[in-house]
Each structure stands twice: as structure tokens, then as C-alpha cells.
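Following: one structure in C-alpha cells, then a few remarks.
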Amino acid sequence: MHGSSQCAREIDPSVFKFQHSKAASHLDLASLGGASVSLGAALFLIRPEAQLADSAAWTALGLALWSLLEYGLHRYVLHGLRPFSTWHAEHHRRPAARIYSPTYVGVALIGGLVYLPMSLLVGAWPACALAFGVLSGYFAYSVTHHAVHHHSAVDRWLGRRRHWHVLHHAQPRDPMARPGYYGVTSAFWDHVFRSDRGQRGSRGFRSAVANET
């Protein structure tokens, strides 16, 4: 009982705003997928035909932008800026718990910080395509992050991603820790910015794997 009460005191109560049930997390992923499909359908069915090539290029740019955002947000916000780092530390303490910001937060940020300013700079359709690329990358990240924590690796790519993410979790659980291995869908930016720090000790790796299950 004493251990349970001490554990309860160590958990930031605000984190429970971001903890979801299994059903809610599946619904959240489905909602994000639906938002991505809907935006993509609107973009490629309603947009002017002459803008097909431009829309494809802006979408590709959005996907690339998300890849960098995924890395930067994880490294500098979730592991460097309070209170986000404190909330994210709870995910490191309890990796099997479904702790994340809900879909509507991410979609609203993409709409407000990507689509709106870009629509003023380059027009509605290019901004829509850019936002679609970012949103699709966000969806890919969400599905991948869910899979590496809650599903056994069934193919080589997912197995590599899970291995990479377990290395990230095999670290001290301090909110401001700099564990490396920040990419979830890709290791590219970790290689670019030298945050792939080599294999961790086997004890830390086994401990992280145990916490995953």
C-alpha cells in the first residue's frame, strides 16, 4: 500500500488528461486517419486540375516537413520544455499506457500553424496540399508509435522501428533527459544531428523491453 501511494504521488495528475483507454485510442487513430483521407480526397478531387503537379510537390514537402517536426518536437519540446517534458516523462515511466495528446489538438495545430499562414503566402490549394502532407506524416507517426508500443513486430521495418524506439526508452526517466533516438518513423534526422549514440547496454535495453510488455 505504501508503494502504491508513493507511486501515485510521483505521477503528475495532469497527465491523466492525456491518458486514454484502448477503445478511445483506437477511435482517436481512426479519427486521425479519417481526417487525413478526407483532406486528401478534397485536395485531389476538388482542386483545379492544373494544380495536380503543384499539389503533389507541396504534399511531398509537407511529408518531409513532418519528418523534421517529429524529430524536433520530440527532442526539444518533449525532452526540453516544461510542462511538456514532465508529461512526456510519464510516458517513459509507463510506456504501455496510452498517454498522448488527442487528435483534435494535433489537427488544430496543423490547421492554425501550417494551413492558415501558408494560405496567405501561397494560396489555399498549395497550403491545403502542404497541410495534407504534414497531417499524413502525423498519422503515420501515430500509427507507428502505437504499433511499436502495443504490437509485436511482424515485419523487418517495424522491427527496426521498435528496436530504435526501445533504445530511446532505455534511459533515465528524468523529464529533461536527452536520451537520443528521437525519430519514430525514421532514423534519418538522428543520423544528421548525431543523436544516434550507439547501442545501449544490454541491461538498459532489456529493462526497456520489459516495461513495454
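Here, A, B, ... name the chains of the C-alpha cells in the order displayed, residue numbers run from 1 inside each chain, and ligands are numbered from 1 in the same displayed order.
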
Worksheet item: If you run DSSP on this backbone, which residues of chain A come out as helix (DSSP H, G or I), and could you give them as a PyMOL selection string?
Response: chain A and resi 2-10+13-18+22-46+49-77+84-93+103-122+124-150+156-169+188-192+202-212

Please produce an output containing C-alpha atoms for each residue in the selection, written as a short mmCIF file (atom, residue, chain, number, x, y, z; two decimals), in the first residue's frame.
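Output file again04.cif is given in full below:
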data_model
loop_
_atom_site.label_atom_id
_atom_site.label_comp_id
_atom_site.auth_asym_id
_atom_site.auth_seq_id
_atom_site.Cartn_x
_atom_site.Cartn_y
_atom_site.Cartn_z
CA HIS A 2 2.80 2.37 0.85
CA GLY A 3 4.47 1.72 -2.52
CA SER A 4 1.21 2.37 -4.35
CA SER A 5 0.60 5.67 -2.57
CA GLN A 6 4.17 6.78 -3.23
CA CYS A 7 3.78 5.92 -6.92
CA ALA A 8 0.53 7.90 -7.04
CA ARG A 9 2.25 10.95 -5.54
CA GLU A 10 5.03 10.75 -8.16
CA PRO A 13 -2.18 14.42 -12.01
CA SER A 14 -2.39 16.47 -15.20
CA VAL A 15 -1.05 13.53 -17.18
CA PHE A 16 -4.38 11.77 -16.81
CA LYS A 17 -5.85 14.33 -19.20
CA PHE A 18 -3.67 12.69 -21.85
CA LYS A 22 -7.72 1.16 -25.53
CA ALA A 23 -11.05 1.87 -27.21
CA ALA A 24 -10.50 5.63 -27.08
CA SER A 25 -7.02 5.34 -28.56
CA HIS A 26 -8.33 3.22 -31.44
CA LEU A 27 -11.11 5.74 -32.06
CA ASP A 28 -8.56 8.54 -31.95
CA LEU A 29 -6.37 6.84 -34.57
CA ALA A 30 -9.42 6.19 -36.73
CA SER A 31 -10.42 9.86 -36.45
CA LEU A 32 -6.94 10.97 -37.47
CA GLY A 33 -6.96 8.58 -40.40
CA GLY A 34 -10.39 9.85 -41.41
CA ALA A 35 -9.20 13.45 -41.26
CA SER A 36 -6.21 12.57 -43.46
CA VAL A 37 -8.34 10.71 -46.02
CA SER A 38 -10.95 13.48 -46.09
CA LEU A 39 -8.38 16.20 -46.65
CA GLY A 40 -6.66 14.13 -49.32
CA ALA A 41 -9.94 13.46 -51.09
CA ALA A 42 -10.85 17.14 -51.04
CA LEU A 43 -7.41 18.06 -52.33
CA PHE A 44 -7.23 15.64 -55.23
CA LEU A 45 -10.91 15.61 -56.24
CA ILE A 46 -11.88 19.26 -55.88
CA GLU A 49 -6.82 20.14 -62.48
CA ALA A 50 -3.97 22.42 -63.49
CA GLN A 51 -2.60 22.28 -59.94
CA LEU A 52 -2.08 18.50 -59.80
CA ALA A 53 1.71 18.61 -60.11
CA ASP A 54 1.99 21.53 -57.70
CA SER A 55 -0.27 19.77 -55.19
CA ALA A 56 1.85 16.62 -55.35
CA ALA A 57 5.02 18.66 -54.80
CA TRP A 58 3.54 20.54 -51.84
CA THR A 59 2.30 17.26 -50.34
CA ALA A 60 5.80 15.76 -50.61
CA LEU A 61 7.20 18.88 -48.95
CA GLY A 62 4.65 18.51 -46.16
CA LEU A 63 5.73 14.91 -45.55
CA ALA A 64 9.37 15.99 -45.38
CA LEU A 65 8.43 18.86 -43.07
CA TRP A 66 6.61 16.48 -40.74
CA SER A 67 9.68 14.23 -40.55
CA LEU A 68 11.74 17.16 -39.27
CA LEU A 69 8.93 18.32 -36.96
CA GLU A 70 8.60 14.84 -35.50
CA TYR A 71 12.27 14.85 -34.59
CA GLY A 72 12.41 18.45 -33.38
CA LEU A 73 9.26 18.27 -31.25
CA HIS A 74 10.37 15.04 -29.62
CA ARG A 75 13.89 16.25 -28.89
CA TYR A 76 13.42 19.90 -27.99
CA VAL A 77 9.84 20.08 -26.68
CA PHE A 84 5.56 19.02 -21.94
CA SER A 85 8.71 17.24 -20.79
CA THR A 86 7.08 16.42 -17.45
CA TRP A 87 4.05 14.90 -19.16
CA HIS A 88 6.25 13.00 -21.60
CA ALA A 89 8.35 11.64 -18.74
CA GLU A 90 5.24 9.82 -17.56
CA HIS A 91 5.13 8.08 -20.93
CA HIS A 92 8.71 6.95 -20.30
CA ARG A 93 7.77 5.68 -16.84
CA THR A 103 -6.13 14.04 -32.38
CA TYR A 104 -8.03 17.31 -32.29
CA VAL A 105 -5.03 19.06 -30.72
CA GLY A 106 -2.66 17.99 -33.49
CA VAL A 107 -5.18 18.72 -36.24
CA ALA A 108 -5.91 22.16 -34.80
CA LEU A 109 -2.18 22.98 -34.61
CA ILE A 110 -1.63 21.88 -38.20
CA GLY A 111 -4.58 23.98 -39.30
CA GLY A 112 -3.50 27.03 -37.34
CA LEU A 113 0.27 26.88 -37.79
CA VAL A 114 0.58 25.33 -41.26
CA TYR A 115 -2.53 25.86 -43.34
CA LEU A 116 -3.59 29.38 -42.27
CA PRO A 117 -0.24 31.20 -42.65
CA MET A 118 0.65 29.32 -45.83
CA SER A 119 -2.74 30.07 -47.38
CA LEU A 120 -1.93 33.76 -47.00
CA LEU A 121 1.52 33.32 -48.51
CA VAL A 122 0.99 30.85 -51.37
CA ALA A 124 -5.41 27.96 -50.47
CA TRP A 125 -4.66 24.88 -52.59
CA PRO A 126 -0.88 24.77 -52.08
CA ALA A 127 -1.46 25.35 -48.36
CA CYS A 128 -4.03 22.55 -48.34
CA ALA A 129 -1.56 20.19 -50.02
CA LEU A 130 1.20 21.14 -47.56
CA ALA A 131 -1.16 20.59 -44.62
CA PHE A 132 -2.19 17.23 -46.11
CA GLY A 133 1.44 16.14 -46.25
CA VAL A 134 2.05 17.17 -42.64
CA LEU A 135 -1.19 15.54 -41.49
CA SER A 136 -0.36 12.31 -43.33
CA GLY A 137 3.05 12.26 -41.69
CA TYR A 138 1.43 12.83 -38.30
CA PHE A 139 -0.93 9.93 -38.96
CA ALA A 140 1.98 7.68 -39.99
CA TYR A 141 3.81 8.67 -36.80
CA SER A 142 0.76 7.97 -34.63
CA VAL A 143 0.19 4.53 -36.14
CA THR A 144 3.90 3.65 -35.91
CA HIS A 145 4.24 4.83 -32.32
CA HIS A 146 1.13 2.88 -31.34
CA ALA A 147 2.42 -0.24 -33.10
CA VAL A 148 5.91 -0.20 -31.56
CA HIS A 149 4.39 0.00 -28.08
CA HIS A 150 1.36 -2.27 -28.40
CA ARG A 156 11.57 -6.05 -40.68
CA TRP A 157 10.74 -2.34 -40.96
CA LEU A 158 8.50 -2.30 -37.88
CA GLY A 159 11.02 -4.42 -36.03
CA ARG A 160 13.73 -1.84 -36.73
CA ARG A 161 11.49 1.00 -35.63
CA ARG A 162 10.59 -0.81 -32.42
CA HIS A 163 14.25 -1.55 -31.70
CA TRP A 164 15.14 2.12 -32.28
CA HIS A 165 12.34 3.34 -30.01
CA VAL A 166 13.21 0.88 -27.25
CA LEU A 167 16.73 2.31 -27.30
CA HIS A 168 15.14 5.72 -26.76
CA HIS A 169 13.21 4.40 -23.75
CA PHE A 188 17.26 9.99 -40.71
CA TRP A 189 17.41 13.10 -38.54
CA ASP A 190 19.06 11.20 -35.67
CA HIS A 191 21.88 10.41 -38.08
CA VAL A 192 22.01 14.01 -39.35
CA SER A 202 22.08 -4.76 -22.73
CA ARG A 203 20.74 -4.29 -19.20
CA GLY A 204 19.06 -1.00 -20.10
CA PHE A 205 17.73 -2.45 -23.33
CA ARG A 206 16.23 -5.50 -21.59
CA SER A 207 14.71 -3.25 -18.93
CA ALA A 208 13.01 -1.11 -21.55
CA VAL A 209 11.69 -4.19 -23.34
CA ALA A 210 10.27 -5.49 -20.06
CA ASN A 211 8.49 -2.18 -19.48
CA GLU A 212 6.93 -2.40 -22.93
#

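Looking only at chain A, the set that DSSP places in strand (DSSP E or B) from backbone geometry is Gln19, His20, Arg98 and Ile99 of chain A.
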
Kindly save the residues from that selection, with all heavy atoms included, as a CSV table (one decimal), in the first residue's frame.
chain,number,residue,atom,x,y,z
A,19,GLN,N,-4.2,10.5,-20.9
A,19,GLN,CA,-4.2,9.0,-20.9
A,19,GLN,C,-5.5,8.6,-21.3
A,19,GLN,O,-6.6,9.0,-20.9
A,19,GLN,CB,-3.9,8.5,-19.5
A,19,GLN,CG,-3.8,7.0,-19.4
A,19,GLN,CD,-3.3,6.5,-18.1
A,19,GLN,OE1,-2.6,7.2,-17.4
A,19,GLN,NE2,-3.5,5.2,-17.8
A,20,HIS,N,-5.5,7.6,-22.3
A,20,HIS,CA,-6.7,7.1,-22.9
A,20,HIS,C,-6.9,5.6,-22.8
A,20,HIS,O,-5.9,4.9,-22.6
A,20,HIS,CB,-6.7,7.5,-24.4
A,20,HIS,CG,-6.4,8.9,-24.7
A,20,HIS,ND1,-7.3,9.9,-24.7
A,20,HIS,CD2,-5.2,9.6,-24.8
A,20,HIS,CE1,-6.8,11.1,-24.9
A,20,HIS,NE2,-5.5,10.9,-25.0
A,98,ARG,N,-1.5,4.4,-22.6
A,98,ARG,CA,-1.7,5.2,-23.8
A,98,ARG,C,-1.8,6.7,-23.5
A,98,ARG,O,-2.9,7.3,-23.3
A,98,ARG,CB,-3.0,4.7,-24.5
A,98,ARG,CG,-2.9,3.3,-25.0
A,98,ARG,CD,-4.3,2.7,-25.4
A,98,ARG,NE,-4.1,1.5,-26.2
A,98,ARG,CZ,-3.9,0.3,-25.7
A,98,ARG,NH1,-3.9,0.2,-24.4
A,98,ARG,NH2,-3.8,-0.7,-26.5
A,99,ILE,N,-0.6,7.3,-23.4
A,99,ILE,CA,-0.5,8.7,-22.9
A,99,ILE,C,-0.1,9.5,-24.2
A,99,ILE,O,1.1,9.4,-24.6
A,99,ILE,CB,0.5,8.9,-21.8
A,99,ILE,CG1,0.1,8.1,-20.6
A,99,ILE,CG2,0.7,10.3,-21.4
A,99,ILE,CD1,1.1,8.0,-19.5

Worksheet item: Do you have the CA of Leu81 in chain A-CA of Arg178 in chain A distance handy?
Response: 11.8 Å

Discussion item. Taking only C-alpha atoms into account, name the residue in A:Phe193, A:Pro95, A:Arg82, A:His151 that is nearest to Ala170 in chain A.
Written reply: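 Going through A:Phe193, A:Pro95, A:Arg82, A:His151 one by one, the smallest distance to Ala170 in chain A is for A:Pro95.
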